[in-house]
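K.L.:
Below is the structure I would like to discuss, written out as structure tokens.
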Amino acid sequence: MSDTLKIAIIPSTTRPGRFADKPMAWIRDMMDARPDMQAEIVDLRDHPLPFFDETAPLSAKPAENAAALEWDAKLKGYDGFVVVLAEYNHSLPAVLKNALDYGFEGWKHKPVGAVAYGGSGGSRALEHLRLVAINLRMVPVGGAVHIGGGDFMAAAKGGELPAHLEPSARGLLDEVAWWAAASRDKRRTAVRAQAPAAE
Ligand SMILES: Cc1cc2nc3c(=O)[nH]c(=O)nc-3n(C[C@H](O)[C@H](O)[C@H](O)COP(=O)(O)O)c2cc1C
């Protein structure tokens, strides 16, 4: 059984020309440089979901929609999540909220952190994401990257993300890794406990 943590990077936006691609590539490079994690981009563009139309929340019953079942099954393959988070009207983008609503078992008991961006560094969106994550029984981590102010403006005009953001990214990834390993160990123990005893 591999000890490398599987961490999904999820961009929160899908619109053409989105800024998300720049911080997504930046954090992916940092994750690829770590021996403890295997990063994979899970792009909501590749997982179009209808607006939530189930008869109950997925915490109460499994989804009926095939795309939603596929989405939650995909999430189950990861030990933790790093969201590349835009701020839309002081909150998280609706396409991300819909994708959060369309999972439950796949999110449960796993850490989520963010590389947030916007004029105010996406801080209001991240606070909302943390509240949503709590109800999904996730572990929102305190560490975060906030790309704001002049850093955001310069990067949106084509500049690189500055090196002074790297320590906060390392802190974020260390926290995601810690909780991802802890929660994965707990899941593995639970699976072993449920397995039938060998004859
Ligand atoms: C619908 C919409 C609402 C926005 N609201 C905010 C906001 O509340 N705060 C902020 O800092 N930026 C806001 N912006 C600017 C975004 O931070 C900026 O456009 C960013 O590039 C959006 O991410 P994206 O390019 O990945 O879609 C908003 C942009 C859009 C499209």
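Chain labels A, B, ... are given in the sequence in which chains occur in the structure tokens; within each chain residues are numbered consecutively from 1, and ligands are likewise numbered from 1 in the order shown.
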Please find the residues contacting ligand 1 at a distance of at most 9 Å between atoms, with only C-alpha atoms and all ligand atoms counted, and report them as a PDB file with N, CA, C and O atoms, in the first residue's frame.
P.N.:
```pdb
ATOM      1  N   PRO A  11      -9.676  23.656  -9.112  1.00  0.00           N
ATOM      2  CA  PRO A  11      -9.939  25.071  -9.377  1.00  0.00           C
ATOM      3  C   PRO A  11     -11.417  25.360  -9.139  1.00  0.00           C
ATOM      4  O   PRO A  11     -12.272  24.502  -9.377  1.00  0.00           O
ATOM      5  N   SER A  12     -11.713  26.562  -8.664  1.00  0.00           N
ATOM      6  CA  SER A  12     -13.097  26.880  -8.286  1.00  0.00           C
ATOM      7  C   SER A  12     -13.870  27.563  -9.401  1.00  0.00           C
ATOM      8  O   SER A  12     -15.036  27.891  -9.222  1.00  0.00           O
ATOM      9  N   THR A  13     -13.208  27.803 -10.522  1.00  0.00           N
ATOM     10  CA  THR A  13     -13.866  28.537 -11.614  1.00  0.00           C
ATOM     11  C   THR A  13     -13.700  27.776 -12.927  1.00  0.00           C
ATOM     12  O   THR A  13     -12.773  26.972 -13.074  1.00  0.00           O
ATOM     13  N   THR A  14     -14.602  28.056 -13.847  1.00  0.00           N
ATOM     14  CA  THR A  14     -14.582  27.348 -15.140  1.00  0.00           C
ATOM     15  C   THR A  14     -14.672  28.312 -16.322  1.00  0.00           C
ATOM     16  O   THR A  14     -14.644  27.871 -17.461  1.00  0.00           O
ATOM     17  N   ARG A  15     -14.792  29.607 -16.050  1.00  0.00           N
ATOM     18  CA  ARG A  15     -15.065  30.546 -17.152  1.00  0.00           C
ATOM     19  C   ARG A  15     -13.856  30.633 -18.088  1.00  0.00           C
ATOM     20  O   ARG A  15     -12.709  30.426 -17.657  1.00  0.00           O
ATOM     21  N   PRO A  16     -14.110  30.948 -19.375  1.00  0.00           N
ATOM     22  CA  PRO A  16     -12.992  31.114 -20.311  1.00  0.00           C
ATOM     23  C   PRO A  16     -12.090  32.247 -19.831  1.00  0.00           C
ATOM     24  O   PRO A  16     -12.581  33.256 -19.321  1.00  0.00           O
ATOM     25  N   GLY A  17     -10.792  32.085 -19.952  1.00  0.00           N
ATOM     26  CA  GLY A  17      -9.847  33.135 -19.586  1.00  0.00           C
ATOM     27  C   GLY A  17      -9.636  33.276 -18.093  1.00  0.00           C
ATOM     28  O   GLY A  17      -9.063  34.267 -17.640  1.00  0.00           O
ATOM     29  N   ARG A  18     -10.059  32.286 -17.333  1.00  0.00           N
ATOM     30  CA  ARG A  18      -9.927  32.375 -15.872  1.00  0.00           C
ATOM     31  C   ARG A  18      -8.470  32.584 -15.442  1.00  0.00           C
ATOM     32  O   ARG A  18      -7.546  32.077 -16.079  1.00  0.00           O
ATOM     33  N   PHE A  19      -8.318  33.260 -14.303  1.00  0.00           N
ATOM     34  CA  PHE A  19      -6.998  33.464 -13.701  1.00  0.00           C
ATOM     35  C   PHE A  19      -6.509  32.173 -13.034  1.00  0.00           C
ATOM     36  O   PHE A  19      -5.311  31.942 -12.867  1.00  0.00           O
ATOM     37  N   ALA A  20      -7.453  31.316 -12.653  1.00  0.00           N
ATOM     38  CA  ALA A  20      -7.164  30.110 -11.868  1.00  0.00           C
ATOM     39  C   ALA A  20      -5.975  29.298 -12.392  1.00  0.00           C
ATOM     40  O   ALA A  20      -5.257  28.676 -11.598  1.00  0.00           O
ATOM     41  N   ASP A  21      -5.777  29.298 -13.709  1.00  0.00           N
ATOM     42  CA  ASP A  21      -4.736  28.424 -14.263  1.00  0.00           C
ATOM     43  C   ASP A  21      -3.336  28.773 -13.744  1.00  0.00           C
ATOM     44  O   ASP A  21      -2.499  27.885 -13.584  1.00  0.00           O
ATOM     45  N   LYS A  22      -3.120  30.067 -13.480  1.00  0.00           N
ATOM     46  CA  LYS A  22      -1.773  30.462 -13.022  1.00  0.00           C
ATOM     47  C   LYS A  22      -1.490  29.938 -11.608  1.00  0.00           C
ATOM     48  O   LYS A  22      -0.483  29.239 -11.409  1.00  0.00           O
ATOM     49  N   VAL A  84      -8.167  25.921  -5.527  1.00  0.00           N
ATOM     50  CA  VAL A  84      -7.626  27.170  -6.059  1.00  0.00           C
ATOM     51  C   VAL A  84      -8.831  28.099  -6.177  1.00  0.00           C
ATOM     52  O   VAL A  84      -9.672  27.948  -7.069  1.00  0.00           O
ATOM     53  N   LEU A  85      -8.930  28.995  -5.202  1.00  0.00           N
ATOM     54  CA  LEU A  85     -10.209  29.626  -4.879  1.00  0.00           C
ATOM     55  C   LEU A  85     -10.304  31.094  -5.282  1.00  0.00           C
ATOM     56  O   LEU A  85      -9.585  31.945  -4.760  1.00  0.00           O
ATOM     57  N   ALA A  86     -11.242  31.365  -6.172  1.00  0.00           N
ATOM     58  CA  ALA A  86     -11.556  32.768  -6.521  1.00  0.00           C
ATOM     59  C   ALA A  86     -12.600  33.295  -5.542  1.00  0.00           C
ATOM     60  O   ALA A  86     -13.293  32.523  -4.869  1.00  0.00           O
ATOM     61  N   GLU A  87     -12.703  34.610  -5.491  1.00  0.00           N
ATOM     62  CA  GLU A  87     -13.777  35.220  -4.694  1.00  0.00           C
ATOM     63  C   GLU A  87     -14.766  35.853  -5.661  1.00  0.00           C
ATOM     64  O   GLU A  87     -14.404  36.729  -6.453  1.00  0.00           O
ATOM     65  N   TYR A  88     -16.008  35.370  -5.620  1.00  0.00           N
ATOM     66  CA  TYR A  88     -17.077  35.952  -6.437  1.00  0.00           C
ATOM     67  C   TYR A  88     -18.097  36.566  -5.477  1.00  0.00           C
ATOM     68  O   TYR A  88     -18.736  35.840  -4.692  1.00  0.00           O
ATOM     69  N   ASN A  89     -18.262  37.871  -5.556  1.00  0.00           N
ATOM     70  CA  ASN A  89     -19.217  38.554  -4.686  1.00  0.00           C
ATOM     71  C   ASN A  89     -19.081  38.129  -3.221  1.00  0.00           C
ATOM     72  O   ASN A  89     -20.045  37.721  -2.572  1.00  0.00           O
ATOM     73  N   HIS A  90     -17.839  38.234  -2.767  1.00  0.00           N
ATOM     74  CA  HIS A  90     -17.485  37.981  -1.362  1.00  0.00           C
ATOM     75  C   HIS A  90     -17.715  36.537  -0.917  1.00  0.00           C
ATOM     76  O   HIS A  90     -17.814  36.275   0.288  1.00  0.00           O
ATOM     77  N   SER A  91     -17.807  35.609  -1.850  1.00  0.00           N
ATOM     78  CA  SER A  91     -18.026  34.220  -1.452  1.00  0.00           C
ATOM     79  C   SER A  91     -17.333  33.290  -2.443  1.00  0.00           C
ATOM     80  O   SER A  91     -16.557  33.724  -3.294  1.00  0.00           O
ATOM     81  N   LEU A  92     -17.641  31.990  -2.301  1.00  0.00           N
ATOM     82  CA  LEU A  92     -17.034  31.037  -3.226  1.00  0.00           C
ATOM     83  C   LEU A  92     -17.860  30.974  -4.516  1.00  0.00           C
ATOM     84  O   LEU A  92     -19.070  31.156  -4.479  1.00  0.00           O
ATOM     85  N   PRO A  93     -17.216  30.742  -5.658  1.00  0.00           N
ATOM     86  CA  PRO A  93     -17.967  30.655  -6.917  1.00  0.00           C
ATOM     87  C   PRO A  93     -19.016  29.538  -6.872  1.00  0.00           C
ATOM     88  O   PRO A  93     -18.795  28.465  -6.295  1.00  0.00           O
ATOM     89  N   TYR A 117      -7.488  33.857  -4.113  1.00  0.00           N
ATOM     90  CA  TYR A 117      -7.045  35.076  -4.814  1.00  0.00           C
ATOM     91  C   TYR A 117      -8.205  36.034  -5.034  1.00  0.00           C
ATOM     92  O   TYR A 117      -9.377  35.654  -4.996  1.00  0.00           O
ATOM     93  N   GLY A 118      -7.810  37.287  -5.268  1.00  0.00           N
ATOM     94  CA  GLY A 118      -8.781  38.361  -5.487  1.00  0.00           C
ATOM     95  C   GLY A 118      -8.224  39.633  -4.877  1.00  0.00           C
ATOM     96  O   GLY A 118      -7.123  39.616  -4.297  1.00  0.00           O
ATOM     97  N   GLY A 119      -8.953  40.724  -4.994  1.00  0.00           N
ATOM     98  CA  GLY A 119      -8.478  42.002  -4.467  1.00  0.00           C
ATOM     99  C   GLY A 119      -8.081  41.895  -3.005  1.00  0.00           C
ATOM    100  O   GLY A 119      -7.051  42.427  -2.580  1.00  0.00           O
ATOM    101  N   SER A 120      -8.889  41.167  -2.229  1.00  0.00           N
ATOM    102  CA  SER A 120      -8.587  40.990  -0.802  1.00  0.00           C
ATOM    103  C   SER A 120      -8.000  39.613  -0.536  1.00  0.00           C
ATOM    104  O   SER A 120      -8.176  39.034   0.544  1.00  0.00           O
ATOM    105  N   GLY A 121      -7.358  39.059  -1.536  1.00  0.00           N
ATOM    106  CA  GLY A 121      -6.710  37.757  -1.369  1.00  0.00           C
ATOM    107  C   GLY A 121      -7.690  36.603  -1.227  1.00  0.00           C
ATOM    108  O   GLY A 121      -7.321  35.526  -0.770  1.00  0.00           O
ATOM    109  N   GLY A 122      -8.933  36.833  -1.615  1.00  0.00           N
ATOM    110  CA  GLY A 122      -9.924  35.750  -1.553  1.00  0.00           C
ATOM    111  C   GLY A 122     -10.283  35.356  -0.130  1.00  0.00           C
ATOM    112  O   GLY A 122     -10.836  34.272   0.116  1.00  0.00           O
ATOM    113  N   SER A 123      -9.999  36.251   0.829  1.00  0.00           N
ATOM    114  CA  SER A 123     -10.158  35.842   2.239  1.00  0.00           C
ATOM    115  C   SER A 123     -11.620  35.615   2.621  1.00  0.00           C
ATOM    116  O   SER A 123     -11.928  34.720   3.398  1.00  0.00           O
ATOM    117  N   ARG A 124     -12.529  36.408   2.048  1.00  0.00           N
ATOM    118  CA  ARG A 124     -13.944  36.206   2.409  1.00  0.00           C
ATOM    119  C   ARG A 124     -14.462  34.902   1.817  1.00  0.00           C
ATOM    120  O   ARG A 124     -15.211  34.152   2.457  1.00  0.00           O
ATOM    121  N   ALA A 125     -14.040  34.610   0.589  1.00  0.00           N
ATOM    122  CA  ALA A 125     -14.443  33.340  -0.041  1.00  0.00           C
ATOM    123  C   ALA A 125     -13.919  32.159   0.773  1.00  0.00           C
ATOM    124  O   ALA A 125     -14.616  31.153   0.963  1.00  0.00           O
ATOM    125  N   GLY A 148      -3.349  38.588  -3.113  1.00  0.00           N
ATOM    126  CA  GLY A 148      -4.224  39.762  -3.101  1.00  0.00           C
ATOM    127  C   GLY A 148      -3.502  41.016  -3.547  1.00  0.00           C
ATOM    128  O   GLY A 148      -2.312  40.989  -3.892  1.00  0.00           O
ATOM    129  N   GLY A 149      -4.224  42.114  -3.521  1.00  0.00           N
ATOM    130  CA  GLY A 149      -3.657  43.435  -3.775  1.00  0.00           C
ATOM    131  C   GLY A 149      -2.802  43.504  -5.025  1.00  0.00           C
ATOM    132  O   GLY A 149      -3.185  43.032  -6.101  1.00  0.00           O
ATOM    133  N   PHE A 152      -1.896  40.214  -6.825  1.00  0.00           N
ATOM    134  CA  PHE A 152      -2.954  39.687  -7.697  1.00  0.00           C
ATOM    135  C   PHE A 152      -3.034  40.509  -8.993  1.00  0.00           C
ATOM    136  O   PHE A 152      -3.099  39.935 -10.095  1.00  0.00           O
ATOM    137  N   ALA A 156      -2.383  38.992 -12.593  1.00  0.00           N
ATOM    138  CA  ALA A 156      -3.508  38.987 -13.540  1.00  0.00           C
ATOM    139  C   ALA A 156      -3.118  39.678 -14.851  1.00  0.00           C
ATOM    140  O   ALA A 156      -3.680  39.391 -15.909  1.00  0.00           O
TER     141      ALA A 156
END
```
K.L.:
Using DSSP on the backbone coordinates, identify all residues within stretch 23-122 of chain A classified as alpha helix (DSSP H); present the result as an MDAnalysis selection string.
P.N.:
chainID A and resid 23:32 66:75 94:101
K.L.:
Quick one: residues within 12 Å of A:Asp32, only C-alpha atoms, excluding same-chain residues fewer than 4 positions away - as number ranges by chain?
P.N.:
A: 4-9, 25-28, 36-41, 173
K.L.:
Go ahead and save the residues from that selection, with N, CA and C atoms, as a tab-separated table (two decimals), in the first residue's frame.
P.N.:
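Produced file out-v5.tsv, reproduced below:
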```tsv
chain	number	residue	atom	x	y	z
A	4	THR	N	2.35	7.49	-0.34
A	4	THR	CA	2.25	8.81	-0.95
A	4	THR	C	0.80	9.28	-0.88
A	5	LEU	N	0.63	10.51	-0.45
A	5	LEU	CA	-0.72	11.05	-0.29
A	5	LEU	C	-1.24	11.52	-1.65
A	6	LYS	N	-2.46	11.14	-1.95
A	6	LYS	CA	-3.07	11.61	-3.21
A	6	LYS	C	-3.88	12.86	-2.90
A	7	ILE	N	-3.45	13.97	-3.46
A	7	ILE	CA	-4.11	15.24	-3.18
A	7	ILE	C	-4.64	15.83	-4.48
A	8	ALA	N	-5.92	16.16	-4.49
A	8	ALA	CA	-6.53	16.77	-5.67
A	8	ALA	C	-6.44	18.29	-5.58
A	9	ILE	N	-6.07	18.89	-6.69
A	9	ILE	CA	-6.10	20.35	-6.80
A	9	ILE	C	-7.37	20.69	-7.58
A	25	ALA	N	-1.08	26.05	-11.63
A	25	ALA	CA	0.21	25.52	-12.09
A	25	ALA	C	1.28	25.76	-11.02
A	26	TRP	N	1.21	26.92	-10.36
A	26	TRP	CA	2.20	27.30	-9.32
A	26	TRP	C	2.15	26.33	-8.14
A	27	ILE	N	0.94	26.06	-7.65
A	27	ILE	CA	0.84	25.16	-6.48
A	27	ILE	C	1.14	23.72	-6.90
A	28	ARG	N	0.80	23.39	-8.11
A	28	ARG	CA	1.10	22.03	-8.57
A	28	ARG	C	2.62	21.79	-8.60
A	36	ASP	N	6.16	13.59	-0.37
A	36	ASP	CA	5.07	12.95	0.39
A	36	ASP	C	3.72	13.01	-0.32
A	37	MET	N	3.65	13.74	-1.44
A	37	MET	CA	2.32	13.82	-2.08
A	37	MET	C	2.37	13.69	-3.60
A	38	GLN	N	1.26	13.14	-4.09
A	38	GLN	CA	1.08	13.04	-5.54
A	38	GLN	C	-0.12	13.94	-5.86
A	39	ALA	N	0.15	15.00	-6.62
A	39	ALA	CA	-0.91	15.98	-6.91
A	39	ALA	C	-1.58	15.67	-8.24
A	40	GLU	N	-2.88	15.86	-8.27
A	40	GLU	CA	-3.63	15.68	-9.52
A	40	GLU	C	-4.62	16.82	-9.65
A	41	ILE	N	-4.69	17.41	-10.84
A	41	ILE	CA	-5.68	18.46	-11.06
A	41	ILE	C	-7.02	17.81	-11.38
A	173	LEU	N	0.60	23.32	2.64
A	173	LEU	CA	0.78	21.93	2.19
A	173	LEU	C	1.19	21.03	3.35
```
K.L.:
In Å, rounded to a single decimal, give me how far atom CA of A:Leu136 is from atom CA of A:Trp107.
P.N.:
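Computing the Euclidean distance for atom CA of A:Trp107 and atom CA of A:Leu136 yields 6.7 Å.
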K.L.:
Give the strand (DSSP E) residues of stretch 27-193 of chain A, as DSSP finds them on the backbone, and put them as a list in words.
P.N.:
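Those residues are Met37, Gln38, Ala39, Glu40, Ile41, Gly80, Phe81, Val82, Val83, Val84, Leu85, Ala86, Pro111, Val112, Gly113, Ala114, Val115, Ala116, Tyr117, Val139, Pro140, Val141, Gly142, Gly143, Ala144, Val145, His146 and Ile147 of chain A.
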